[in-house]
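Right, one structure below, let's go through it.
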Amino acid sequence: MDALKTMQEVQQFEANRNKLLGIAYRITGSVSEAEDIVQETFIRWSNADATEIKNLDAWLCTITTRLSLDLLKSARHKRESYLGPWLPEPLIESKHEPEAAHEIDQTVTMALMVLLDQLSATERASYILHDLFNYSFNDVADILGQSVASCRKQASRGREKIHLEPKHSIASVDKHQKLISAFFKATRDADSEALLKLLSDDIVFHADGGGKASAAQDILTGRGEVMPWFNKVLSPAFKYFEQKNEKRSIEWFNGLPGLVLWQNGKAVSAFSFTIVDNKIRKIHALRNPDKLKFFC
């Protein structure tokens, strides 16, 4: 009977696992840290007195959120010494799901994760819990240990900062993939005319090498900065992959199909694209091998 009860309790926790991972990842920007946080939440829940837990969902969310915020403070301190622009670890879609089963998820894109990283800890947590996970401000206040008015204000500030940026257009998956293929071909061929038709005037190229792989050391903005980099660096790289018959694939990560380049069976570059008005407005390029390992 005790074993059955334990199994039922574990099933209750597992029913919440994906949501807890989603909250922890959006706060920390790290898949590995999110998994550790959820595991720590599980341990604390296992040792807790069940009679003191009135609402399991709220209790688990509170522990996960507070652990995530504690880690975020430490991560931001370390971020000061990070070499070059930073991007979150990629959130890989399940490889067991057929491609047709994937849906575009704008709540976890690289572009949004970068914006979330620019918010204060309380702005970030309040916005994520209320706007993305639909917790009431009364619940958010209890989770964060702050007043309802404060949480409402923090979420509003976060929302204003995020909404300064245009959202992805709701392009079909097929359209998104066609733009990715067209981008690769135009860049490989150094076809400036074709590239200019694909890129927005205010194109942004944001690469993360972490000091462990070659990458643009600054965020490039506008065609005047982006096009020379593409011609000098990306075009030869793409040509090399074609000539060496290295693998190139479209993989689902962070809620969108993206372009991944492989060498000797390992991912060496992963490109995520923000599409606005059927043009590429942002490209986030992962080059740090510590983050690319999640594709293998």
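Residue numbering restarts at 1 in every chain; chains get A, B, ... in the order shown in the structure tokens, and ligands count up from 1 in that same order.
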Can you tell me which residues surround A:Ile92 at a distance of at most 10 Å, considering only C-alpha atoms, apart from same-chain residues fewer than 4 positions away, and format the answer as a PDB file with N, CA and C atoms, in the first residue's frame?
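Output file out01.pdb follows:
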```pdb
ATOM      1  N   VAL A  31      19.412  24.662 -20.045  1.00  0.00           N
ATOM      2  CA  VAL A  31      18.712  23.384 -19.991  1.00  0.00           C
ATOM      3  C   VAL A  31      19.264  22.524 -18.857  1.00  0.00           C
ATOM      4  N   GLU A 251      16.751  21.462 -37.911  1.00  0.00           N
ATOM      5  CA  GLU A 251      16.391  20.855 -36.627  1.00  0.00           C
ATOM      6  C   GLU A 251      15.456  21.801 -35.875  1.00  0.00           C
ATOM      7  N   TRP A 252      14.545  21.217 -35.101  1.00  0.00           N
ATOM      8  CA  TRP A 252      13.645  22.015 -34.274  1.00  0.00           C
ATOM      9  C   TRP A 252      14.297  22.301 -32.936  1.00  0.00           C
ATOM     10  N   PHE A 253      14.479  23.571 -32.607  1.00  0.00           N
ATOM     11  CA  PHE A 253      14.933  23.947 -31.270  1.00  0.00           C
ATOM     12  C   PHE A 253      14.397  25.330 -30.935  1.00  0.00           C
ATOM     13  N   ASN A 254      14.141  25.535 -29.652  1.00  0.00           N
ATOM     14  CA  ASN A 254      13.556  26.790 -29.175  1.00  0.00           C
ATOM     15  C   ASN A 254      12.311  27.189 -29.959  1.00  0.00           C
ATOM     16  N   GLY A 255      11.476  26.207 -30.192  1.00  0.00           N
ATOM     17  CA  GLY A 255      10.164  26.466 -30.760  1.00  0.00           C
ATOM     18  C   GLY A 255      10.106  26.768 -32.237  1.00  0.00           C
ATOM     19  N   LEU A 256      11.243  26.619 -32.945  1.00  0.00           N
ATOM     20  CA  LEU A 256      11.293  26.949 -34.367  1.00  0.00           C
ATOM     21  C   LEU A 256      12.228  25.997 -35.104  1.00  0.00           C
ATOM     22  N   PHE A 294      24.150  19.725 -27.001  1.00  0.00           N
ATOM     23  CA  PHE A 294      22.775  19.267 -26.789  1.00  0.00           C
ATOM     24  C   PHE A 294      22.148  18.705 -28.065  1.00  0.00           C
ATOM     25  N   PHE A 295      22.753  18.995 -29.213  1.00  0.00           N
ATOM     26  CA  PHE A 295      22.215  18.462 -30.471  1.00  0.00           C
ATOM     27  C   PHE A 295      22.660  17.032 -30.709  1.00  0.00           C
TER      28      PHE A 295
END
```
Spatial neighbours of A:Ser30, max dist 9 Å, only C-alpha atoms, sep filter under 4 positions, as a PyMOL selection string: chain A and resi 24-26+34-35+88-91
Taking 4 positions as the minimum chain separation for residues in the same chain, which residues sit within 8 Å of stretch 58-62 of chain A when counting only C-alpha atoms? Answer as a PDB file with N, CA, C and O atoms, in the first residue's frame.
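That gives us part19.pdb:
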```pdb
ATOM      1  N   LEU A  20       7.554  22.675 -14.802  1.00  0.00           N
ATOM      2  CA  LEU A  20       8.639  23.144 -13.942  1.00  0.00           C
ATOM      3  C   LEU A  20       9.918  23.357 -14.748  1.00  0.00           C
ATOM      4  O   LEU A  20      10.631  24.351 -14.553  1.00  0.00           O
ATOM      5  N   THR A  41      14.049  20.255  -6.708  1.00  0.00           N
ATOM      6  CA  THR A  41      12.653  20.428  -6.291  1.00  0.00           C
ATOM      7  C   THR A  41      12.041  19.088  -5.918  1.00  0.00           C
ATOM      8  O   THR A  41      11.316  18.968  -4.923  1.00  0.00           O
ATOM      9  N   TRP A  45      10.604  18.046  -2.301  1.00  0.00           N
ATOM     10  CA  TRP A  45       9.220  17.567  -2.219  1.00  0.00           C
ATOM     11  C   TRP A  45       9.164  16.184  -1.563  1.00  0.00           C
ATOM     12  O   TRP A  45       8.299  15.908  -0.740  1.00  0.00           O
ATOM     13  N   ILE A  53       1.473  20.637   2.558  1.00  0.00           N
ATOM     14  CA  ILE A  53       1.350  21.098   1.171  1.00  0.00           C
ATOM     15  C   ILE A  53      -0.125  21.132   0.794  1.00  0.00           C
ATOM     16  O   ILE A  53      -0.742  20.098   0.511  1.00  0.00           O
ATOM     17  N   ARG A  66      12.076  29.935  -7.022  1.00  0.00           N
ATOM     18  CA  ARG A  66      13.059  30.532  -6.106  1.00  0.00           C
ATOM     19  C   ARG A  66      14.452  29.954  -6.313  1.00  0.00           C
ATOM     20  O   ARG A  66      15.453  30.687  -6.252  1.00  0.00           O
ATOM     21  N   ASP A 139      -1.230  34.532  -7.128  1.00  0.00           N
ATOM     22  CA  ASP A 139      -0.334  33.373  -7.066  1.00  0.00           C
ATOM     23  C   ASP A 139       1.118  33.803  -7.239  1.00  0.00           C
ATOM     24  O   ASP A 139       2.013  33.311  -6.541  1.00  0.00           O
ATOM     25  N   ASP A 142       2.497  35.216  -4.073  1.00  0.00           N
ATOM     26  CA  ASP A 142       2.817  34.173  -3.102  1.00  0.00           C
ATOM     27  C   ASP A 142       4.106  33.448  -3.474  1.00  0.00           C
ATOM     28  O   ASP A 142       4.941  33.154  -2.607  1.00  0.00           O
ATOM     29  N   ILE A 143       4.283  33.166  -4.757  1.00  0.00           N
ATOM     30  CA  ILE A 143       5.473  32.446  -5.223  1.00  0.00           C
ATOM     31  C   ILE A 143       6.740  33.259  -4.984  1.00  0.00           C
ATOM     32  O   ILE A 143       7.764  32.735  -4.527  1.00  0.00           O
ATOM     33  N   LEU A 144       6.664  34.566  -5.271  1.00  0.00           N
ATOM     34  CA  LEU A 144       7.851  35.421  -5.155  1.00  0.00           C
ATOM     35  C   LEU A 144       7.997  36.052  -3.775  1.00  0.00           C
ATOM     36  O   LEU A 144       9.033  36.665  -3.481  1.00  0.00           O
TER      37      LEU A 144
END
```
Run DSSP on the backbone of this structure and report the residues of stretch 125-285 of chain A it assigns to strand (DSSP E), as a ChimeraX atom specification. /A:199-208,220-221,248-253,256-263,266-276,279-285
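Atom CA of A:Arg17 lies 7.3 Å from atom CA of A:Val38.
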Stretch 223-228 of chain A: which residues within 10 Å, counting only C-alpha atoms, same-chain residues fewer than 2 positions away excluded, as a PyMOL selection string? chain A and resi 187+190+192+195-196+199-206+219-221+230-234
Need to verify the contact set: A:Ala121, 10 Å, only C-alpha atoms, exclusion of same-chain residues closer than 6 positions in sequence. Can you return it as a count of residues only? 10
